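Input: a single structure, listed below in C-alpha cells.
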Amino acid sequence: MARSENAAAVRPVPGQGALGTLKFVLSELRPKGPILTPFNVITGVIIAVGIVLIVIRFAYGLGAVTNLSQSFPWGIWIGFDVVTGVAFAGGAYVLTFAVHILKLKKYEPIVRVTVLNGFLAYVFYAGALLLDLGRPWNVVNPIIGNAFGLSSVLFLVAWHFLLYMICEFLEFSPAVAEWLHWPRARRILEGLTTGAVIFGITLSTLHQSGLGALFLLAPAKIHPLWYSHNIPVMFFVSSIFAGLSMVMVESFFTHRAFRDRIGHELHEGHDAIVLGLAKGAVGALFAYFFVKLIDFVHYGLWAHLASGWGAWYLLEIFGFVVLPTVLFLKAIRSRNAKLVQVTAFLTAFGVILNRLNVSVIAFKWYETPHYYPSWQEIWITLAVISMELWAFRWVVNRMPVFGAAHGHEEKKEADVVRWRAAG
Amino acid sequence: MAARIGRRGFLKGAGVAAGTALAVKGAPALAAAPAQEADGVEFTGMLFDATLCVGCRACEAACAEANGNPAPPAEDAVLETRRDTATDAFTVVNRFESPAGAGEPVHVRRQCMHCNQPACASACLVKALEKTKEGAVVYDGDRCMGCRYCMIACPFDVPKYEYESASPYIRKCGFCAGRQQQGLKPACAEVCPTGATLYGKKRELLEIARTRVYGQPGVYAHQIYGEHEVGGTGWLYLLPARPDRLGLPGNLGNTPYPELTSGFLFAVPLVFVLFPSVLYGLDRMTRGAANGEGEEAGHGEE
C-alpha cells in the first residue's frame, strides 16, 4: 500500500521531453509496496478467476455463465453493476457542484478523490456493461451515428455515459498533470474545470434520472409498488444521497488504508466534512421520502401493502430511508461522525436494495421461477470491483488525490526547489 | 417499391388514409400528393380467430420453413404443455381448455404482435428494430448490440435472445416482410386450412372482426384483442374468452408504450438549456462573493 509521507519528494521526476515522460510513466507502472498482502492475494485470485469466466462468457455466450433467460433478460450486471454503481458515482456531481459552483471550500479536500471514484466507477461499472452486451463490438453504433435511436432512453444514457466520463476525466486531469509535472498543461486543464463541472452536472441529472426512465417501458412487468411515472425523479433524488453516502463510506476505508497520504487539512476537517455531507444527505432523503409518499397516495397503493411484497416495500422505505434520516439527524445533533458513517453504510445498502428491487427483484414478480444471479455473475461482479480498487489504489499512490488544496501548495514549493536544484 | 405499391388495390387517397388511425403519423395530410404515395400505405395485419383454429400447427411448420428454423415437433403431444416462442420458433400454438367447461378445447397462437407503435423499436438505441411503413416490425442484426432492452420493453415478451451464442441475435417473427414485398402472404396465413389466420389490410380485418363479434355474440368475448391494446397491434385476436385466460397478457392498457418515455425525453433538451445557464450564472455569482478576491481566485489556487 502507500509508503512514506515524503513519497512525493523521493519520487522520480520525469526527465525532459517525451522520452523522459515515457520512462517516468513506465517506472510508475511498477507496484509500490509489498505484493503479497492478504488484500492483494484475495483480490488477485478473484480477478484471475474472473478473467477466466469472462473468457468463457465471450467464447460461449451469456448463457454459459449467467442465469439470464428469455423471461429475465437483465440480471445483476445491469441491476447492480450499472444501475447501482452509477447511483453511487453520483457523489462526484454533487460535490463538484458544492465546491466549484457554490465555492464551498470546506469540501475541497475530498472533491478530487470523489471525482476519481466517480470516474473509475463509470469506467469499470459502465464498462461492465460491455460484458452484458451480446454484440459489444456494435457498442459504437449509437455514437458513430449509422443509426440514431433517438426515441430510446438508452440512447440518451449511452451518450451521457461517454460524455460524462470525459467531463470527469477533465475534472480530475489537473491531478494527472501534477503527477507528470506538466505545470502548463495543468493550468490549461484547470481552466476547463468549470465548464466540465457545469456540463457534468447537467449530464448527471439527465442520466441518473435516465437510468430510472429506462424502466418506464415496463409498466406491466414491475410490481406496482415500484413502478411509477416518477421513477426518473426518484432515481435522480436518490442518486444525491447514494453519492453522498458512498463518499462517506469511501472515506471510512481510505482513512484507514491511505492514512499516510492524506493531508493535514483533510485529517483535521474530516469530522466536520462528514457531518456536512450528512446534512446534505438528510435533505435528499427527506425529498425522496416525500416523492415516494406522494406517489404512494397518487397510485392508491394501500391494497398492495397486505402482501409479502408490501412488507418488503415497507422494509425498504422505513428501514433504509426513514431510519437513516432519523439516525443522520441524531448524529448531526450530537456531532457524532462515527454514527454518520454507520448510517452511510445503511443508506448505501438501501440504495442497492431499491435499485435491485426496480431492476431485478420486483421485475416480473409474478413469474416463477424467478431470476437469481449465478455464482459466476456474482464472481465477475466482485472481479470488476476488485479491478476498480486496484486502479483506485494505483492512482492514489501516485497522484495528488487527497487534500487537493493542501497538497498543491506543498508540492508547488517542492517543485520550485527541485527546479532550482536542477537548474 | 413501385410494384409493391401498384399491387395494392386499397390506396384510395386521403380519405382512406384519414379513415384509418393506423397509418403512420402525418400520412393523412401527405397522402393526397402522389409523390408521397408511399407514406399513405395502409398497415397490413392479421386476424386470428381462435374459434376457427383447430390446432393443426401447419402455421408452425410453414413459419419454420420460411424462416429457416428447425421443423416443429410432429407429435401433437406438444399441445399438452404451454409453450413460448423461441429463438428458433417464431410462432407456437397452445391448447386451452374450453372456457365453457365441457366443450372443445381452444387453440391460440402466439407470435410478434407487430404493434402500431412498438415498444421494442422505441427502446432500441440503434434502430435495429424498426416498424416498416407496411406494418411489419423488422430486425436488423448488423446494428444490434445485444443489450436486450427490447425484451424488457416488449409487453408481449416476444423478442428472444440467443443466450448460447458468442455472436447472438434477437430472434422473432418478422411478419414475413420479404414475402409481403414479393406480393405473397406471410407463410402462416398461406397454409392455414381453416382461415383462423387471416391476412389483409388492417382496416379491412377490423371490419371483419367487428362483424363477427356483433353477429355472434354468443361465440366471442366482446373484445377485439389488439384493437386498442398498447395503442393497437398489427395482429387482431378474436377470442371466446378473456385474453388472460388464454395465455395473452390482459392488463396492458391502451397507452402506446413509446408515450411512456416521451415525457422524459421531451424534458431532456429543457434540462440541457436550463441547467448550464443557471449553473453558469451561479458560478459567476459566487466567484466574487466567496473570497472577495476577484475573478481569478474563484476556483483553484493559482
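A note on labels: chains of the C-alpha cells are A, B, ... as shown, every chain counts residues from 1, and ligands are counted from 1 in their shown order.
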
Using only C-alpha atoms, tabulate the residues of chain A lying at most 6 Å from any atom of chain B, each with its closest atom pair and that distance in Å to one decimal, by chain and increasing residue number, as CSV.
```
residue,atom,partner,partner_atom,distance
A:Phe58,CA,B:Ala166,CA,5.8
A:Ala59,CA,B:Ala166,CA,5.6
A:Tyr60,CA,B:Ala166,CA,5.1
A:Gly61,CA,B:Ala166,CA,4.3
A:Leu62,CA,B:Tyr163,CA,5.2
A:Gly63,CA,B:Tyr163,CA,4.5
A:Gln70,CA,B:Lys160,CA,5.9
A:Ile101,CA,B:Asp283,CA,4.7
A:Leu133,CA,B:Cys147,CA,5.0
A:Gly134,CA,B:Gly146,CA,4.1
A:Arg135,CA,B:Met145,CA,4.4
A:Pro136,CA,B:Met145,CA,5.7
A:Asn138,CA,B:Met145,CA,4.9
A:Val139,CA,B:Met145,CA,5.8
A:Pro142,CA,B:Val126,CA,5.5
A:Ala147,CA,B:Val126,CA,5.1
A:Phe148,CA,B:Val126,CA,5.5
A:Gly149,CA,B:Leu125,CA,4.1
A:Ser151,CA,B:Ser122,CA,5.3
A:Ser152,CA,B:Ala123,CA,4.7
A:Leu154,CA,B:Leu125,CA,5.9
A:Phe155,CA,B:Leu125,CA,4.7
A:Ile198,CA,B:Pro276,CA,5.8
A:Thr202,CA,B:Phe275,CA,5.8
A:Leu217,CA,B:Ala153,CA,5.1
A:Ala218,CA,B:Ala153,CA,5.4
```

Practice task
Might you pull out every residue within 10 Å of B:Cys176, with only C-alpha atoms counted and same-chain residues fewer than 4 positions away left off, and present them as a PyMOL selection string?
Solution key: chain B and resi 63+66-67+136-138+180-181+184-188

Fill in the blank from the handout: Pairwise distance, atom CA of B:Ala221 with atom CA of B:Leu239, equals 5.9 Å

Practice task
Can you check which residues of stretch 42-233 of chain B DSSP gives as helix (DSSP H, G or I) on the backbone and send them as a ChimeraX atom specification?
Solution key: /B:58-67,76-80,119-123,149-153,177-181,187-191,202-215,229-231

Exercise for the section: Name the residues in contact with A:Val340 at a cut-off of 12 Å, using only C-alpha atoms, excluding same-chain residues fewer than 4 positions from it; report them as a VMD selection string. Expected result: chain A and resid 244 to 249 251 to 252 270 to 282 324 to 336 344 to 347

Write a file of the just-selected residues containing N, CA and C atoms, as a short mmCIF file (atom, residue, chain, number, x, y, z; two decimals), in the first residue's frame.
```
data_model
loop_
_atom_site.label_atom_id
_atom_site.label_comp_id
_atom_site.auth_asym_id
_atom_site.auth_seq_id
_atom_site.Cartn_x
_atom_site.Cartn_y
_atom_site.Cartn_z
N LEU A 244 -23.60 10.76 -1.85
CA LEU A 244 -23.03 11.31 -0.61
C LEU A 244 -22.71 10.21 0.38
N SER A 245 -23.59 9.21 0.50
CA SER A 245 -23.30 8.15 1.46
C SER A 245 -22.09 7.35 1.00
N MET A 246 -21.94 7.22 -0.32
CA MET A 246 -20.77 6.49 -0.83
C MET A 246 -19.49 7.27 -0.54
N VAL A 247 -19.54 8.60 -0.60
CA VAL A 247 -18.37 9.40 -0.25
C VAL A 247 -17.98 9.12 1.20
N MET A 248 -18.98 9.03 2.07
CA MET A 248 -18.71 8.77 3.49
C MET A 248 -18.17 7.36 3.69
N VAL A 249 -18.77 6.39 3.00
CA VAL A 249 -18.29 5.01 3.11
C VAL A 249 -16.85 4.93 2.61
N SER A 251 -14.66 7.31 2.48
CA SER A 251 -13.72 7.98 3.38
C SER A 251 -13.44 7.10 4.59
N PHE A 252 -14.43 6.31 4.98
CA PHE A 252 -14.24 5.38 6.09
C PHE A 252 -13.08 4.43 5.79
N HIS A 270 -11.91 16.35 8.77
CA HIS A 270 -12.66 15.17 8.36
C HIS A 270 -14.04 15.07 9.00
N ASP A 271 -14.09 15.21 10.34
CA ASP A 271 -15.37 15.05 11.02
C ASP A 271 -16.37 16.11 10.57
N ALA A 272 -15.88 17.34 10.44
CA ALA A 272 -16.77 18.43 10.01
C ALA A 272 -17.29 18.16 8.60
N ILE A 273 -16.41 17.65 7.74
CA ILE A 273 -16.82 17.35 6.37
C ILE A 273 -17.89 16.27 6.36
N VAL A 274 -17.64 15.21 7.11
CA VAL A 274 -18.58 14.08 7.14
C VAL A 274 -19.93 14.53 7.68
N LEU A 275 -19.90 15.37 8.72
CA LEU A 275 -21.17 15.87 9.28
C LEU A 275 -21.90 16.74 8.26
N GLY A 276 -21.13 17.52 7.52
CA GLY A 276 -21.74 18.35 6.49
C GLY A 276 -22.39 17.52 5.40
N LEU A 277 -21.69 16.46 5.00
CA LEU A 277 -22.24 15.57 3.97
C LEU A 277 -23.54 14.95 4.47
N ALA A 278 -23.56 14.61 5.78
CA ALA A 278 -24.76 14.01 6.35
C ALA A 278 -25.94 14.96 6.23
N LYS A 279 -25.68 16.25 6.43
CA LYS A 279 -26.77 17.23 6.31
C LYS A 279 -27.31 17.25 4.88
N GLY A 280 -26.41 17.19 3.93
CA GLY A 280 -26.85 17.15 2.54
C GLY A 280 -27.67 15.90 2.25
N ALA A 281 -27.19 14.78 2.79
CA ALA A 281 -27.90 13.52 2.56
C ALA A 281 -29.30 13.56 3.17
N VAL A 282 -29.41 14.17 4.36
CA VAL A 282 -30.72 14.25 5.02
C VAL A 282 -31.71 15.02 4.15
N PRO A 324 -32.39 5.80 8.23
CA PRO A 324 -31.17 6.59 8.02
C PRO A 324 -31.39 8.09 8.23
N THR A 325 -32.58 8.58 7.83
CA THR A 325 -32.85 10.00 8.05
C THR A 325 -32.80 10.32 9.54
N VAL A 326 -33.48 9.48 10.34
CA VAL A 326 -33.51 9.71 11.78
C VAL A 326 -32.10 9.62 12.37
N LEU A 327 -31.35 8.60 11.96
CA LEU A 327 -30.00 8.40 12.51
C LEU A 327 -29.07 9.54 12.11
N PHE A 328 -29.18 9.99 10.85
CA PHE A 328 -28.35 11.12 10.42
C PHE A 328 -28.66 12.35 11.27
N LEU A 329 -29.97 12.61 11.50
CA LEU A 329 -30.36 13.78 12.29
C LEU A 329 -29.79 13.68 13.70
N LYS A 330 -29.87 12.47 14.25
CA LYS A 330 -29.35 12.24 15.59
C LYS A 330 -27.84 12.50 15.61
N ALA A 331 -27.16 11.97 14.60
CA ALA A 331 -25.70 12.11 14.54
C ALA A 331 -25.29 13.57 14.35
N ILE A 332 -26.06 14.28 13.56
CA ILE A 332 -25.73 15.69 13.33
C ILE A 332 -25.89 16.48 14.62
N ARG A 333 -26.99 16.18 15.32
CA ARG A 333 -27.26 16.90 16.56
C ARG A 333 -26.16 16.65 17.59
N SER A 334 -25.69 15.40 17.70
CA SER A 334 -24.66 15.10 18.70
C SER A 334 -23.26 15.18 18.11
N ARG A 335 -23.14 15.67 16.87
CA ARG A 335 -21.85 15.79 16.18
C ARG A 335 -21.05 14.49 16.26
N ASN A 336 -21.73 13.40 15.95
CA ASN A 336 -21.14 12.08 16.07
C ASN A 336 -20.77 11.56 14.68
N ALA A 344 -24.26 5.95 6.92
CA ALA A 344 -23.96 6.00 5.49
C ALA A 344 -23.98 4.59 4.89
N PHE A 345 -23.44 3.62 5.65
CA PHE A 345 -23.50 2.23 5.19
C PHE A 345 -24.94 1.79 5.00
N LEU A 346 -25.78 2.15 5.99
CA LEU A 346 -27.20 1.78 5.94
C LEU A 346 -27.87 2.40 4.71
N THR A 347 -27.58 3.68 4.50
CA THR A 347 -28.18 4.38 3.36
C THR A 347 -27.75 3.74 2.05
#
```

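Using only C-alpha atoms, the smallest distance between any of A:Ser71, A:Thr96, A:Asn117, A:Ser204 and A:Glu171 comes from A:Thr96.
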
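Shortest atom-to-atom contact with B:Arg109 among B:Gly231, B:Pro73, B:Gly247, B:Gly183: B:Gly247, counting only C-alpha atoms.
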
Exercise for the section: Would you kindly return, as a list of chain:residue names, each protein, DNA or RNA residue with an atom no farther than 12 Å from any atom of B:Glu65, considering only C-alpha atoms and excluding same-chain residues fewer than 5 positions away? Expected result: B:Ala58, B:Cys59, B:Glu60, B:Pro70, B:Ala71, B:Pro72, B:Asp88, B:Ala89, B:Phe90, B:Thr91, B:Cys176, B:Pro186, B:Ala187, B:Cys188, B:Val191

Go ahead and save the residues from that selection, with N, CA and C atoms, as a tab-separated table (two decimals), in the first residue's frame.
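The new file part34.tsv reads:
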```tsv
chain	number	residue	atom	x	y	z
B	58	ALA	N	-50.06	-26.25	-38.69
B	58	ALA	CA	-49.46	-26.06	-40.02
B	58	ALA	C	-48.72	-24.73	-40.07
B	59	CYS	N	-49.24	-23.73	-39.32
B	59	CYS	CA	-48.57	-22.42	-39.29
B	59	CYS	C	-47.17	-22.54	-38.71
B	60	GLU	N	-47.03	-23.38	-37.68
B	60	GLU	CA	-45.70	-23.55	-37.06
B	60	GLU	C	-44.71	-24.10	-38.09
B	70	PRO	N	-35.63	-24.94	-37.48
B	70	PRO	CA	-35.90	-26.39	-37.49
B	70	PRO	C	-37.41	-26.65	-37.45
B	71	ALA	N	-37.79	-27.74	-38.08
B	71	ALA	CA	-39.22	-28.08	-38.13
B	71	ALA	C	-39.75	-28.31	-36.72
B	72	PRO	N	-40.96	-27.88	-36.43
B	72	PRO	CA	-41.52	-28.08	-35.09
B	72	PRO	C	-41.80	-29.56	-34.84
B	88	ASP	N	-35.74	-20.24	-32.16
B	88	ASP	CA	-35.88	-20.99	-33.40
B	88	ASP	C	-37.34	-21.41	-33.64
B	89	ALA	N	-38.27	-20.72	-33.02
B	89	ALA	CA	-39.69	-20.99	-33.25
B	89	ALA	C	-40.44	-19.68	-33.07
B	90	PHE	N	-40.78	-19.03	-34.18
B	90	PHE	CA	-41.33	-17.68	-34.09
B	90	PHE	C	-42.83	-17.67	-33.82
B	91	THR	N	-43.47	-18.82	-34.01
B	91	THR	CA	-44.88	-18.89	-33.64
B	91	THR	C	-45.16	-20.24	-33.01
B	176	CYS	N	-42.98	-11.97	-42.10
B	176	CYS	CA	-42.59	-12.35	-43.47
B	176	CYS	C	-42.52	-11.10	-44.36
B	186	PRO	N	-47.87	-13.86	-45.75
B	186	PRO	CA	-46.98	-14.49	-44.78
B	186	PRO	C	-47.22	-16.00	-44.78
B	187	ALA	N	-46.14	-16.76	-44.54
B	187	ALA	CA	-46.22	-18.22	-44.69
B	187	ALA	C	-47.34	-18.84	-43.88
B	188	CYS	N	-47.52	-18.37	-42.65
B	188	CYS	CA	-48.52	-18.99	-41.78
B	188	CYS	C	-49.94	-18.78	-42.31
B	191	VAL	N	-50.81	-21.11	-45.33
B	191	VAL	CA	-51.10	-22.53	-45.14
B	191	VAL	C	-52.30	-22.79	-44.25
```

Problem - Who sits within 7 Å of A:Arg355, only C-alpha atoms, same chain under 6 positions skipped, as a ChimeraX atom specification - result: /A:79,83-84

Handout entry: Contacts of A:Glu377 at 8 Å (only C-alpha atoms; same-chain gap of 4+ positions) as JSON, numbers by chain
Key = {"A": [65, 66, 76, 77, 373, 381]}

Handout entry: Exercise: B:Leu52 partners within 7 Å, only C-alpha atoms, chain neighbours under 2 positions left out, as an MDAnalysis selection string
Key = chainID B and resid 49:50 54 194:196

File of the preceding selection, N, CA and C atoms, as an mmCIF file, in the first residue's frame:
```
data_model
loop_
_atom_site.group_PDB
_atom_site.id
_atom_site.type_symbol
_atom_site.label_atom_id
_atom_site.label_comp_id
_atom_site.auth_asym_id
_atom_site.auth_seq_id
_atom_site.Cartn_x
_atom_site.Cartn_y
_atom_site.Cartn_z
ATOM 1 N N ASP B 49 -58.562 -15.885 -35.443
ATOM 2 C CA ASP B 49 -59.844 -16.220 -34.823
ATOM 3 C C ASP B 49 -59.698 -17.556 -34.109
ATOM 4 N N ALA B 50 -59.630 -17.499 -32.782
ATOM 5 C CA ALA B 50 -59.371 -18.718 -32.007
ATOM 6 C C ALA B 50 -60.489 -19.737 -32.159
ATOM 7 N N VAL B 54 -57.981 -25.114 -35.278
ATOM 8 C CA VAL B 54 -58.149 -26.497 -34.846
ATOM 9 C C VAL B 54 -56.863 -27.070 -34.256
ATOM 10 N N THR B 194 -58.070 -23.373 -42.163
ATOM 11 C CA THR B 194 -59.412 -23.034 -41.685
ATOM 12 C C THR B 194 -59.720 -21.546 -41.779
ATOM 13 N N GLY B 195 -58.734 -20.785 -42.154
ATOM 14 C CA GLY B 195 -58.943 -19.336 -42.163
ATOM 15 C C GLY B 195 -58.855 -18.721 -40.780
ATOM 16 N N ALA B 196 -58.320 -19.478 -39.826
ATOM 17 C CA ALA B 196 -58.152 -18.921 -38.479
ATOM 18 C C ALA B 196 -57.143 -17.784 -38.503
#
```

Fill in the blank from the handout: Atom pair atom CA of B:Tyr199 + atom CA of B:Trp235, distance 9.3 Å

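Residues of stretch 132-258 of chain B assigned to strand (DSSP E or B) by DSSP on this structure's backbone: Val137, Val138, Tyr139, Lys160, Tyr161, Ile170, Arg171, Thr197, Leu198, Tyr199, Gly200, Lys201, Ile224, Tyr225, Thr233, Trp235, Leu236, Tyr237 and Leu238 of chain B.
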
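For the pair atom CA of B:Asn116 and atom CA of B:Val41, the interatomic distance is 13.4 Å.
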